[in-house]
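Contents: one structure, followed by commentary.
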Amino acid sequence: MTALTGAVLAQNALSAADLPQIGAPAIEYGTLSPVLAITATALIGVLVEAGAPRRARFGLQSAVAIVGILAALAATVWVSIHDLGKVSFEGTDLLARGKTVAEGALVVDGPTVFLWGLLLVFALVSMLMFAERGLEGGLSGFTGQAAVAPGGAGEREATMAGIEHTEIFPLAMFALLGMMVFPASNDLLTMFVALEVLSLPLYLLCGLARRRRLLSQEAAVKYFLLGAFSSAFFLYGIALVYGYSGSFTLAAIDTAVSNQIAGQNLLLAGMALISVGLLFKVSAVPFQAWTPDVYQGAPTAVTAFMAAGTKVAAFGALLRVFFVGFGGAQWDWRPLMMIVAVLTMVVGAVVLIRQTDVKRMLAYSAIAHSGFILTAFAGAYEGSAGTATITSVSAVMFYLAVYGFSTIGAFAIATLVRDGGGEVGHLARWAGLGRESPVLAGVFALFMLSFAGIPLTAGFMGKWTVFSAAWSGYAWPLVVAGVLTSAVAAYFYVRVIVLMFFADPEGDGPTVAVPSVMTSAVIAVTAAVTIVLGIVPGPVLDLAQNAGTFVR
């Protein structure tokens, strides 16, 4: 019996050659070096948090984050030179198309590398704000112990003992990691994972403000709950699109959409749900309700990092999903996106006029700017290789650069206008700032003029690019709506300038804190970029135009 069983098993056994051969995955480590550098930075930050002496952690964490971002930025330049390089088309130098990496999970092309560079630069200047310790008596703007009751004895003891939440730096690095993977994802599942890696650290960071702790915790809870709903919509949309196309990969989805296989209702429902998740992240109407509350309650450094970085990552993902995956269904989603763009511009500009808090004002300004960016996106003008006309992708990328620098600079100035209880939020308390600190008020006025799109500022060039792309895509109603809403918003921005320089202050007027070298560097760099991109936008605009081609 034993011999018979052995013979049967031997007869049915597969030889080693018959077994499927599973090799090691092919990972292009050099091409992925910017992402790997940020991953290593985040992990090193976790180790520092676990093993370094408490008194030395803040300095070590700051140094690790800044050095890691600089290394990733250098790696991004290296990737742009060695992995993309340049090709010529009709006498014009263009970045090479790029390639898929990590077993097809990610794609490194012109838009990916451009957005990586933007994210890393924004993260670098934001980390300087994170590291600021001169505004709270030698401590950072983050609470010492988030687990204790706001204003309670435990929090006071932590402040007296100099305890700080130094894990803010690795949390920010993990969020930056998600931001970099999000627009580079080549399939929807990878994009969803990146969305969660991006979002979860930000939920925590929003609740760690040293001042106004209850408002900060409320902001974190609102952001978490609404973000969870948007992620659920996004994931359900992925499931429906998979049911339609049979694949998560954007190229395969594009093939199914172009061939117009059966089940169009499934496709439309999937696109709608995916757009909910993405439009939530860019603060587009009607998914913008979280923005003013979260911007107001979060620590200002986190707000600056989130306002610039999340918008870059989300718009990059939005462009890739709809231009690469759903490009064949353009006439299905363009009308809806046009409506969303107009509503976002109108709501952002109109409600902006009613704001009396600086951070809420910047939040509604961010909503209006999302509408301007959606103008170029909804125009969906892709042009052709070597064209001199601004394409939608190039216009969006350039506008993201313009908006990000001005926004970070504006929030950096907001950290310096203070009273005995911390930052001064109410705009009425900013009256007379031009007399108290003419330079600071002048730089803030520069950012307001850029937001308004006044010539010789970066904002003017940004609006010109998005309106040009929309006009080339025959979306002229969006251009008309954009010009009108820009005029409405400009009224408020000019009113803020008048308030700072010509209004009489209440009582003693605002108090301006003396910034450290780090915050001063942030303000100087962002102001300089706002001026330079308004006067000499050519190099960055050409770079955006040459890098504006997706791998399909």
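Starting from 1 in every chain, residues are counted up; chains themselves are A, B, ... following the order of the structure tokens, and ligands are numbered from 1 as listed.
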### Task
Within region 256-463 of chain A, find each residue whose DSSP state, derived from the backbone, is strand (DSSP E), and express the selection as number ranges by chain.
A: 417-419, 422-423
### Task
List the neighbours of region 469-485 of chain A out to 8 Å using only C-alpha atoms; skip same-chain residues closer than 6 positions along the sequence, and give me the result as a PyMOL selection string.
chain A and resi 338+341-342+345-346+349-350+372+375-381+389-392+395
Write the residues of the selection above to a file with C-alpha atoms, as a PDB file, in the first residue's frame.
```pdb
ATOM      1  CA  MET A 338     -16.502  73.132 -16.232  1.00  0.00           C
ATOM      2  CA  ALA A 341     -14.617  75.147 -11.992  1.00  0.00           C
ATOM      3  CA  VAL A 342     -17.141  77.990 -12.258  1.00  0.00           C
ATOM      4  CA  MET A 345     -14.264  80.315  -8.535  1.00  0.00           C
ATOM      5  CA  VAL A 346     -17.555  81.999  -7.662  1.00  0.00           C
ATOM      6  CA  ALA A 349     -14.304  84.773  -4.489  1.00  0.00           C
ATOM      7  CA  VAL A 350     -17.722  85.758  -3.122  1.00  0.00           C
ATOM      8  CA  PHE A 372      -8.670  78.977 -11.606  1.00  0.00           C
ATOM      9  CA  THR A 375     -10.223  76.278 -15.609  1.00  0.00           C
ATOM     10  CA  ALA A 376      -7.121  75.016 -17.394  1.00  0.00           C
ATOM     11  CA  PHE A 377      -7.918  71.406 -16.495  1.00  0.00           C
ATOM     12  CA  ALA A 378     -11.483  71.582 -17.790  1.00  0.00           C
ATOM     13  CA  GLY A 379     -10.225  73.271 -20.951  1.00  0.00           C
ATOM     14  CA  ALA A 380      -8.391  69.980 -21.582  1.00  0.00           C
ATOM     15  CA  TYR A 381      -6.074  71.446 -24.206  1.00  0.00           C
ATOM     16  CA  THR A 389       0.834  77.201 -27.091  1.00  0.00           C
ATOM     17  CA  ILE A 390       0.445  76.592 -23.362  1.00  0.00           C
ATOM     18  CA  THR A 391      -1.179  73.208 -22.728  1.00  0.00           C
ATOM     19  CA  SER A 392      -3.486  72.413 -19.838  1.00  0.00           C
ATOM     20  CA  ALA A 395      -0.525  75.704 -17.257  1.00  0.00           C
TER      21      ALA A 395
END
```
### Neighbour list for Phe234 (chain A) as a count of residues only, cut-off 9 Å, only C-alpha atoms, skip fewer than 5 positions in-chain
10
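Among A:Val396, A:Leu73, A:Leu106, A:Ala209, the residue with the shortest atom-to-atom distance to Thr303 (chain A), counting only C-alpha atoms, is A:Ala209.
Using only C-alpha atoms, the smallest distance between any of A:Leu279, A:Val498, A:Met397, A:Leu446 and Gly371 (chain A) comes from A:Leu279.
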### Query
Which polymer residues have any atom within 8 Å of an atom of region 47-62 of chain A, counting only C-alpha atoms, with same-chain residues fewer than 3 positions away left out, as a VMD selection string?
chain A and resid 43 to 44 65 to 66 127 131 163 to 164 166 to 167 169 to 170
### Query
Got a sec: who's within 9 Å of Ala431 (chain A), counting only C-alpha atoms, leaving out chain neighbours fewer than 2 positions off, as JSON, numbers by chain?
{"A": [427, 428, 429, 433, 434, 496, 498, 499, 500, 501, 502, 503, 504, 505, 506, 509, 510]}
### Query
Using only C-alpha atoms, which residues sit within 12 Å of Gly538 (chain A) once same-chain residues fewer than 6 positions away are excluded, as number ranges by chain?
A: 398, 458, 461-462, 465, 532, 544-546
### Query
From the list A:Ser370, A:Ile413, A:Val351, A:Leu440, which residue is nearest Phe492 (chain A) when using only C-alpha atoms?
A:Val351
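The coordinates place CA of Pro537 (chain A) at 29.1 Å from CA of Ile38 (chain A).
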Residues within 6 Å of Val417 (chain A), please, as a PDB file with N, CA, C and O atoms, in the first residue's frame. Count only C-alpha atoms; anything in the same chain fewer than 2 positions from it doesn't count.
```pdb
ATOM      1  N   ALA A 414       1.813  85.476   8.584  1.00  0.00           N
ATOM      2  CA  ALA A 414       0.730  85.367   9.569  1.00  0.00           C
ATOM      3  C   ALA A 414       1.232  84.876  10.917  1.00  0.00           C
ATOM      4  O   ALA A 414       0.632  85.189  11.956  1.00  0.00           O
ATOM      5  N   THR A 415       2.344  84.129  10.948  1.00  0.00           N
ATOM      6  CA  THR A 415       2.882  83.666  12.226  1.00  0.00           C
ATOM      7  C   THR A 415       3.551  84.780  13.015  1.00  0.00           C
ATOM      8  O   THR A 415       3.786  84.624  14.224  1.00  0.00           O
ATOM      9  N   GLU A 423      -0.931  84.155  17.745  1.00  0.00           N
ATOM     10  CA  GLU A 423      -1.153  84.818  16.461  1.00  0.00           C
ATOM     11  C   GLU A 423      -2.445  85.619  16.488  1.00  0.00           C
ATOM     12  O   GLU A 423      -3.431  85.228  17.100  1.00  0.00           O
ATOM     13  N   VAL A 424      -2.417  86.764  15.803  1.00  0.00           N
ATOM     14  CA  VAL A 424      -3.610  87.604  15.675  1.00  0.00           C
ATOM     15  C   VAL A 424      -4.376  87.143  14.448  1.00  0.00           C
ATOM     16  O   VAL A 424      -3.900  87.272  13.326  1.00  0.00           O
ATOM     17  N   THR A 511       1.301  93.667  17.181  1.00  0.00           N
ATOM     18  CA  THR A 511       2.686  93.464  17.595  1.00  0.00           C
ATOM     19  C   THR A 511       3.345  92.499  16.625  1.00  0.00           C
ATOM     20  O   THR A 511       2.785  91.448  16.312  1.00  0.00           O
ATOM     21  N   VAL A 512       4.518  92.868  16.147  1.00  0.00           N
ATOM     22  CA  VAL A 512       5.230  92.034  15.180  1.00  0.00           C
ATOM     23  C   VAL A 512       6.382  91.353  15.890  1.00  0.00           C
ATOM     24  O   VAL A 512       7.268  92.020  16.447  1.00  0.00           O
TER      25      VAL A 512
END
```
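The space separating CA of Gly327 (chain A) from CA of Glu28 (chain A) comes to 28.0 Å.
Separating CA of Gly30 (chain A) from CA of Val193 (chain A) is a distance of 22.3 Å.
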